[in-house]
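One file, final.pdb, is given below (PDB, C-alpha atoms).
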ATOM      1  CA  ALA A1189     -16.005 -34.190  24.145  1.00  0.00           C
ATOM      2  CA  VAL A1190     -18.961 -36.486  24.648  1.00  0.00           C
ATOM      3  CA  ALA A1191     -21.254 -37.337  21.754  1.00  0.00           C
ATOM      4  CA  ASN A1192     -24.793 -38.663  22.056  1.00  0.00           C
ATOM      5  CA  SER A1193     -25.087 -40.063  18.532  1.00  0.00           C
ATOM      6  CA  GLY A1194     -22.950 -41.237  15.652  1.00  0.00           C
ATOM      7  CA  GLU A1195     -23.526 -37.974  13.801  1.00  0.00           C
ATOM      8  CA  ASP A1196     -22.440 -35.979  16.875  1.00  0.00           C
ATOM      9  CA  ALA A1197     -19.311 -38.121  17.168  1.00  0.00           C
ATOM     10  CA  ILE A1198     -18.380 -37.406  13.552  1.00  0.00           C
ATOM     11  CA  ASN A1199     -18.911 -33.660  13.985  1.00  0.00           C
ATOM     12  CA  LEU A1200     -17.033 -33.508  17.290  1.00  0.00           C
ATOM     13  CA  THR A1201     -14.130 -35.539  15.912  1.00  0.00           C
ATOM     14  CA  GLU A1202     -13.807 -33.113  13.033  1.00  0.00           C
ATOM     15  CA  VAL A1203     -13.674 -30.183  15.481  1.00  0.00           C
ATOM     16  CA  HIS A1204     -11.505 -31.663  18.272  1.00  0.00           C
ATOM     17  CA  LYS A1205      -9.254 -34.090  16.338  1.00  0.00           C
ATOM     18  CA  PRO A1206      -8.831 -36.543  19.264  1.00  0.00           C
ATOM     19  CA  ASP A1207      -5.938 -39.002  19.488  1.00  0.00           C
ATOM     20  CA  LEU A1208      -8.262 -41.823  20.556  1.00  0.00           C
ATOM     21  CA  LEU A1209     -12.010 -42.500  20.681  1.00  0.00           C
ATOM     22  CA  LEU A1210     -13.875 -44.484  23.311  1.00  0.00           C
ATOM     23  CA  MET A1211     -16.920 -45.689  21.399  1.00  0.00           C
ATOM     24  CA  ASP A1212     -20.009 -47.381  22.806  1.00  0.00           C
ATOM     25  CA  ILE A1213     -21.346 -49.873  20.271  1.00  0.00           C
ATOM     26  CA  LYS A1214     -25.028 -49.189  21.023  1.00  0.00           C
ATOM     27  CA  LEU A1215     -25.732 -45.503  20.394  1.00  0.00           C
ATOM     28  CA  GLY A1216     -29.495 -45.460  20.014  1.00  0.00           C
ATOM     29  CA  LYS A1217     -31.047 -43.997  16.840  1.00  0.00           C
ATOM     30  CA  GLY A1218     -28.997 -43.557  13.687  1.00  0.00           C
ATOM     31  CA  LEU A1219     -25.551 -45.020  13.200  1.00  0.00           C
ATOM     32  CA  ASP A1220     -24.338 -47.550  15.724  1.00  0.00           C
ATOM     33  CA  GLY A1221     -20.868 -47.292  17.270  1.00  0.00           C
ATOM     34  CA  ILE A1222     -19.247 -49.714  14.828  1.00  0.00           C
ATOM     35  CA  ASP A1223     -20.496 -47.868  11.741  1.00  0.00           C
ATOM     36  CA  THR A1224     -19.564 -44.525  13.316  1.00  0.00           C
ATOM     37  CA  ALA A1225     -16.085 -45.756  14.268  1.00  0.00           C
ATOM     38  CA  SER A1226     -15.553 -47.121  10.772  1.00  0.00           C
ATOM     39  CA  ILE A1227     -16.374 -43.707   9.269  1.00  0.00           C
ATOM     40  CA  LEU A1228     -14.132 -41.902  11.774  1.00  0.00           C
ATOM     41  CA  MET A1229     -11.196 -44.222  11.226  1.00  0.00           C
ATOM     42  CA  GLU A1230     -11.491 -43.860   7.456  1.00  0.00           C
ATOM     43  CA  LYS A1231     -12.091 -40.103   7.398  1.00  0.00           C
ATOM     44  CA  PHE A1232      -9.766 -38.980  10.235  1.00  0.00           C
ATOM     45  CA  GLN A1233      -7.587 -42.068  10.921  1.00  0.00           C
ATOM     46  CA  THR A1234      -8.653 -41.807  14.563  1.00  0.00           C
ATOM     47  CA  PRO A1235      -8.174 -45.098  16.422  1.00  0.00           C
ATOM     48  CA  VAL A1236     -10.988 -46.549  18.522  1.00  0.00           C
ATOM     49  CA  ILE A1237     -11.530 -48.562  21.682  1.00  0.00           C
ATOM     50  CA  TYR A1238     -15.007 -50.101  21.851  1.00  0.00           C
ATOM     51  CA  LEU A1239     -17.027 -50.161  25.061  1.00  0.00           C
ATOM     52  CA  THR A1240     -20.045 -52.437  25.155  1.00  0.00           C
ATOM     53  CA  ALA A1241     -22.408 -54.483  27.249  1.00  0.00           C
ATOM     54  CA  HIS A1242     -23.173 -56.525  24.117  1.00  0.00           C
ATOM     55  CA  ALA A1243     -20.575 -59.183  23.461  1.00  0.00           C
ATOM     56  CA  ASP A1244     -22.362 -61.575  21.115  1.00  0.00           C
ATOM     57  CA  GLU A1245     -20.360 -63.166  18.291  1.00  0.00           C
ATOM     58  CA  LYS A1246     -21.959 -61.142  15.481  1.00  0.00           C
ATOM     59  CA  ILE A1247     -21.230 -57.769  17.132  1.00  0.00           C
ATOM     60  CA  LEU A1248     -17.714 -58.843  18.087  1.00  0.00           C
ATOM     61  CA  THR A1249     -16.980 -59.947  14.510  1.00  0.00           C
ATOM     62  CA  ARG A1250     -18.217 -56.612  13.103  1.00  0.00           C
ATOM     63  CA  ALA A1251     -16.215 -54.649  15.664  1.00  0.00           C
ATOM     64  CA  LEU A1252     -12.994 -56.604  15.099  1.00  0.00           C
ATOM     65  CA  ALA A1253     -13.292 -56.058  11.338  1.00  0.00           C
ATOM     66  CA  THR A1254     -12.634 -52.327  11.962  1.00  0.00           C
ATOM     67  CA  ASN A1255      -9.264 -53.051  13.670  1.00  0.00           C
ATOM     68  CA  PRO A1256      -9.944 -51.324  16.995  1.00  0.00           C
ATOM     69  CA  LEU A1257      -7.160 -50.766  19.504  1.00  0.00           C
ATOM     70  CA  GLY A1258      -9.273 -52.349  22.225  1.00  0.00           C
ATOM     71  CA  TYR A1259     -12.615 -53.841  23.233  1.00  0.00           C
ATOM     72  CA  VAL A1260     -13.829 -53.480  26.824  1.00  0.00           C
ATOM     73  CA  ASN A1261     -16.969 -55.124  28.163  1.00  0.00           C
ATOM     74  CA  LYS A1262     -19.369 -53.351  30.515  1.00  0.00           C
ATOM     75  CA  PRO A1263     -19.712 -53.020  33.371  1.00  0.00           C
ATOM     76  CA  LEU A1264     -16.396 -51.206  33.144  1.00  0.00           C
ATOM     77  CA  ARG A1265     -13.702 -51.747  35.693  1.00  0.00           C
ATOM     78  CA  GLU A1266     -11.465 -48.706  35.944  1.00  0.00           C
ATOM     79  CA  LYS A1267      -8.276 -50.798  35.942  1.00  0.00           C
ATOM     80  CA  ASP A1268      -9.316 -52.641  32.746  1.00  0.00           C
ATOM     81  CA  LEU A1269     -10.203 -49.404  30.979  1.00  0.00           C
ATOM     82  CA  LEU A1270      -6.960 -47.661  31.996  1.00  0.00           C
ATOM     83  CA  THR A1271      -4.887 -50.675  30.935  1.00  0.00           C
ATOM     84  CA  THR A1272      -6.643 -50.804  27.558  1.00  0.00           C
ATOM     85  CA  ILE A1273      -6.133 -47.063  27.005  1.00  0.00           C
ATOM     86  CA  SER A1274      -2.462 -47.343  27.990  1.00  0.00           C
ATOM     87  CA  LEU A1275      -1.914 -50.221  25.553  1.00  0.00           C
ATOM     88  CA  ALA A1276      -3.750 -48.294  22.826  1.00  0.00           C
ATOM     89  CA  PHE A1277      -1.424 -45.303  23.222  1.00  0.00           C
ATOM     90  CA  GLU A1278       1.583 -47.636  23.023  1.00  0.00           C
ATOM     91  CA  GLN A1279       0.223 -48.944  19.701  1.00  0.00           C
ATOM     92  CA  ILE A1280      -0.419 -45.393  18.466  1.00  0.00           C
ATOM     93  CA  ASN A1281       3.139 -44.354  19.344  1.00  0.00           C
ATOM     94  CA  GLU A1282       4.576 -47.452  17.642  1.00  0.00           C
ATOM     95  CA  ARG A1283       2.578 -46.702  14.473  1.00  0.00           C
ATOM     96  CA  LYS A1284       3.899 -43.118  14.500  1.00  0.00           C
ATOM     97  CA  LYS A1285       7.475 -44.395  14.796  1.00  0.00           C
ATOM     98  CA  GLN A1286       6.970 -46.848  11.936  1.00  0.00           C
ATOM     99  CA  SER A1287       5.412 -44.113   9.819  1.00  0.00           C
ATOM    100  CA  ALA A1288       8.357 -41.779  10.514  1.00  0.00           C
ATOM    101  CA  VAL A1289      10.836 -44.515   9.519  1.00  0.00           C
ATOM    102  CA  ALA A1290       8.869 -45.210   6.326  1.00  0.00           C
ATOM    103  CA  ASP A1291       8.805 -41.486   5.492  1.00  0.00           C
ATOM    104  CA  SER A1292      12.560 -41.236   6.142  1.00  0.00           C
ATOM    105  CA  ASN A1293      13.266 -44.269   3.942  1.00  0.00           C
ATOM    106  CA  GLU A1294      11.090 -42.826   1.197  1.00  0.00           C
ATOM    107  CA  ALA A1295      12.953 -39.500   1.336  1.00  0.00           C
ATOM    108  CA  ARG A1296      16.312 -41.303   1.229  1.00  0.00           C
ATOM    109  CA  GLU A1297      15.140 -43.391  -1.729  1.00  0.00           C
ATOM    110  CA  GLU A1298      14.320 -40.247  -3.701  1.00  0.00           C
ATOM    111  CA  ASN A1299      17.800 -38.789  -3.092  1.00  0.00           C
ATOM    112  CA  TRP A1300      19.863 -41.673  -4.422  1.00  0.00           C
ATOM    113  CA  LYS A1301      18.230 -41.685  -7.836  1.00  0.00           C
ATOM    114  CA  THR A1302      19.979 -38.496  -8.950  1.00  0.00           C
ATOM    115  CA  GLN A1303      23.440 -39.195  -7.543  1.00  0.00           C
ATOM    116  CA  LEU A1304      24.989 -40.978 -10.525  1.00  0.00           C
ATOM    117  CA  THR A1305      27.713 -40.449 -13.103  1.00  0.00           C
ATOM    118  CA  VAL A1306      27.323 -42.047 -16.530  1.00  0.00           C
ATOM    119  CA  ASP A1307      29.593 -42.346 -19.554  1.00  0.00           C
ATOM    120  CA  ALA A1308      28.728 -41.290 -23.130  1.00  0.00           C
ATOM    121  CA  GLU A1309      26.845 -44.553 -23.736  1.00  0.00           C
ATOM    122  CA  GLY A1310      24.722 -44.146 -20.631  1.00  0.00           C
ATOM    123  CA  SER A1311      26.466 -46.791 -18.524  1.00  0.00           C
ATOM    124  CA  ILE A1312      26.657 -45.986 -14.841  1.00  0.00           C
ATOM    125  CA  ILE A1313      30.323 -45.506 -13.944  1.00  0.00           C
ATOM    126  CA  LYS A1314      29.989 -43.955 -10.509  1.00  0.00           C
ATOM    127  CA  GLU A1315      27.255 -43.676  -7.899  1.00  0.00           C
ATOM    128  CA  HIS A1316      26.960 -42.210  -4.457  1.00  0.00           C
ATOM    129  CA  PRO A1317      28.016 -44.833  -1.851  1.00  0.00           C
ATOM    130  CA  ASP A1318      24.534 -44.816  -0.300  1.00  0.00           C
ATOM    131  CA  CYS A1319      23.086 -45.657  -3.728  1.00  0.00           C
ATOM    132  CA  ALA A1320      25.457 -48.420  -4.755  1.00  0.00           C
ATOM    133  CA  LYS A1321      23.668 -51.221  -2.883  1.00  0.00           C
ATOM    134  CA  GLN A1322      20.251 -50.168  -4.159  1.00  0.00           C
ATOM    135  CA  ILE A1323      21.415 -49.950  -7.773  1.00  0.00           C
ATOM    136  CA  GLU A1324      23.271 -53.257  -7.491  1.00  0.00           C
ATOM    137  CA  SER A1325      20.218 -54.968  -5.983  1.00  0.00           C
ATOM    138  CA  LEU A1326      18.118 -53.737  -8.917  1.00  0.00           C
ATOM    139  CA  GLY A1327      20.681 -55.069 -11.392  1.00  0.00           C
ATOM    140  CA  PHE A1328      20.777 -51.832 -13.401  1.00  0.00           C
ATOM    141  CA  THR A1329      23.930 -50.758 -15.237  1.00  0.00           C
ATOM    142  CA  ARG A1330      22.536 -48.051 -17.549  1.00  0.00           C
ATOM    143  CA  ILE A1331      20.845 -44.756 -16.739  1.00  0.00           C
ATOM    144  CA  GLN A1332      18.009 -45.607 -19.145  1.00  0.00           C
ATOM    145  CA  ASP A1333      17.115 -48.586 -16.949  1.00  0.00           C
ATOM    146  CA  LEU A1334      16.670 -46.371 -13.893  1.00  0.00           C
ATOM    147  CA  LEU A1335      14.624 -43.561 -15.383  1.00  0.00           C
ATOM    148  CA  PRO A1336      11.248 -43.781 -17.104  1.00  0.00           C
ATOM    149  CA  GLY A1337      11.090 -43.699 -20.903  1.00  0.00           C
ATOM    150  CA  SER A1338       9.598 -40.202 -20.899  1.00  0.00           C
ATOM    151  CA  ASN A1339      13.008 -38.879 -19.791  1.00  0.00           C
ATOM    152  CA  LEU A1340      15.075 -40.573 -22.504  1.00  0.00           C
ATOM    153  CA  GLU A1341      15.285 -37.415 -24.602  1.00  0.00           C
ATOM    154  CA  GLN A1342      16.732 -35.465 -21.665  1.00  0.00           C
ATOM    155  CA  ILE A1343      19.185 -38.287 -21.051  1.00  0.00           C
ATOM    156  CA  ARG A1344      20.261 -38.392 -24.712  1.00  0.00           C
ATOM    157  CA  THR A1345      20.825 -34.621 -24.718  1.00  0.00           C
ATOM    158  CA  CYS A1346      22.983 -34.836 -21.597  1.00  0.00           C
ATOM    159  CA  LEU A1347      24.999 -37.719 -23.016  1.00  0.00           C
ATOM    160  CA  GLN A1348      25.498 -36.121 -26.445  1.00  0.00           C
ATOM    161  CA  THR A1349      26.669 -32.767 -25.088  1.00  0.00           C
ATOM    162  CA  ARG A1350      28.908 -34.531 -22.565  1.00  0.00           C
ATOM    163  CA  LYS A1351      28.215 -31.744 -20.113  1.00  0.00           C
ATOM    164  CA  PRO A1352      27.278 -32.486 -16.533  1.00  0.00           C
ATOM    165  CA  ARG A1353      23.607 -31.812 -15.998  1.00  0.00           C
ATOM    166  CA  THR A1354      20.981 -32.514 -13.434  1.00  0.00           C
ATOM    167  CA  VAL A1355      17.976 -34.359 -14.759  1.00  0.00           C
ATOM    168  CA  SER A1356      14.901 -33.909 -12.592  1.00  0.00           C
ATOM    169  CA  VAL A1357      12.456 -36.760 -12.740  1.00  0.00           C
ATOM    170  CA  LYS A1358       9.022 -36.977 -11.176  1.00  0.00           C
ATOM    171  CA  HIS A1359       7.728 -40.488 -10.567  1.00  0.00           C
TER     172      HIS A1359
END
Once you've parsed the file, please lay out its structure as structure tokens.
Amino acid sequence: AVANSGEDAINLTEVHKPDLLLMDIKLGKGLDGIDTASILMEKFQTPVIYLTAHADEKILTRALATNPLGYVNKPLREKDLLTTISLAFEQINERKKQSAVADSNEAREENWKTQLTVDAEGSIIKEHPDCAKQIESLGFTRIQDLLPGSNLEQIRTCLQTRKPRTVSVKH
């Protein structure tokens, strides 16, 4: 979609959910391209490539502060624009990969916290092999050290009854 103002760009982005925005810095009345891009990146996390005939230091500094994926001066040369867009999509794909790895690590981190065996005093006597390194790196030897204080009553009950139980903890 093509927008003729900052407000149009915001509305169209909400409707179309683009992967990338090509944003002219000078938009006429209302919001300029930098302010519009800043709003769009914050609200929709949509990355931006700036297009502009205005390359003075003040505008460049404002534009760079929004962390764009590119900045192309006018008059546009097709090769420069296509190269910038290609590089932008490489950055977008790399960010997606890093986000997926972070999400996977976060999910794995949640799993290890419940895979422990403790004795009657609350000392950890056995842990899942995937958890051992994490627990060792934290220096914890007792279940009370791993779980927040609000769960101590549940822990005490489990230890006193000496029955295996699952303790669910929300952090």
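Residue nearest Pro1263 (chain A), chosen from A:Leu1219, A:Lys1246, A:Leu1228, A:Asp1212 and counting all atoms listed in the file: A:Asp1212.
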Practice task
Pull out every residue that the PyMOL selection byres ((chain A and resi 1193) around 9) matches in the shown coordinates and put them as an MDAnalysis selection string.
Solution key: chainID A and resid 1191:1192 1194:1198 1215:1221 1224
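In this structure, CA of Ile1280 (chain A) sits 8.5 Å away from CA of Asp1207 (chain A).
Shortest atom-to-atom contact with Pro1235 (chain A) among A:Leu1257, A:Ala1288, A:Ala1251, A:Ile1313: A:Leu1257, counting only C-alpha atoms.
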Exercise for the section: Find, counting only C-alpha atoms, the residue in A:Leu1208, A:Glu1202, A:Lys1214, A:Tyr1238 that gets nearest to Ser1274 (chain A). Expected result: A:Leu1208
Practice task
Give me, please, the distance in Å between CA of Ser1226 (chain A) and CA of Pro1256 (chain A), quoted to one decimal.
Solution key: 9.4 Å
Exercise for the section: Run the PyMOL selection byres ((chain A and resi 1272) around 8) against the file shown and list the residues it catches, as a list in words. Expected result: Ile1237, Gly1258, Tyr1259, Val1260, Asp1268, Leu1269, Leu1270, Thr1271, Ile1273, Ser1274, Leu1275 and Ala1276 of chain A
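You will find CA of Ala1225 (chain A) at 11.3 Å from CA of Leu1252 (chain A).
Ranking A:Asn1261, A:Leu1326, A:Lys1267, A:Ser1287 by their shortest atom-to-atom distance to Ile1213 (chain A), with all atoms listed in the file included, puts A:Asn1261 first.
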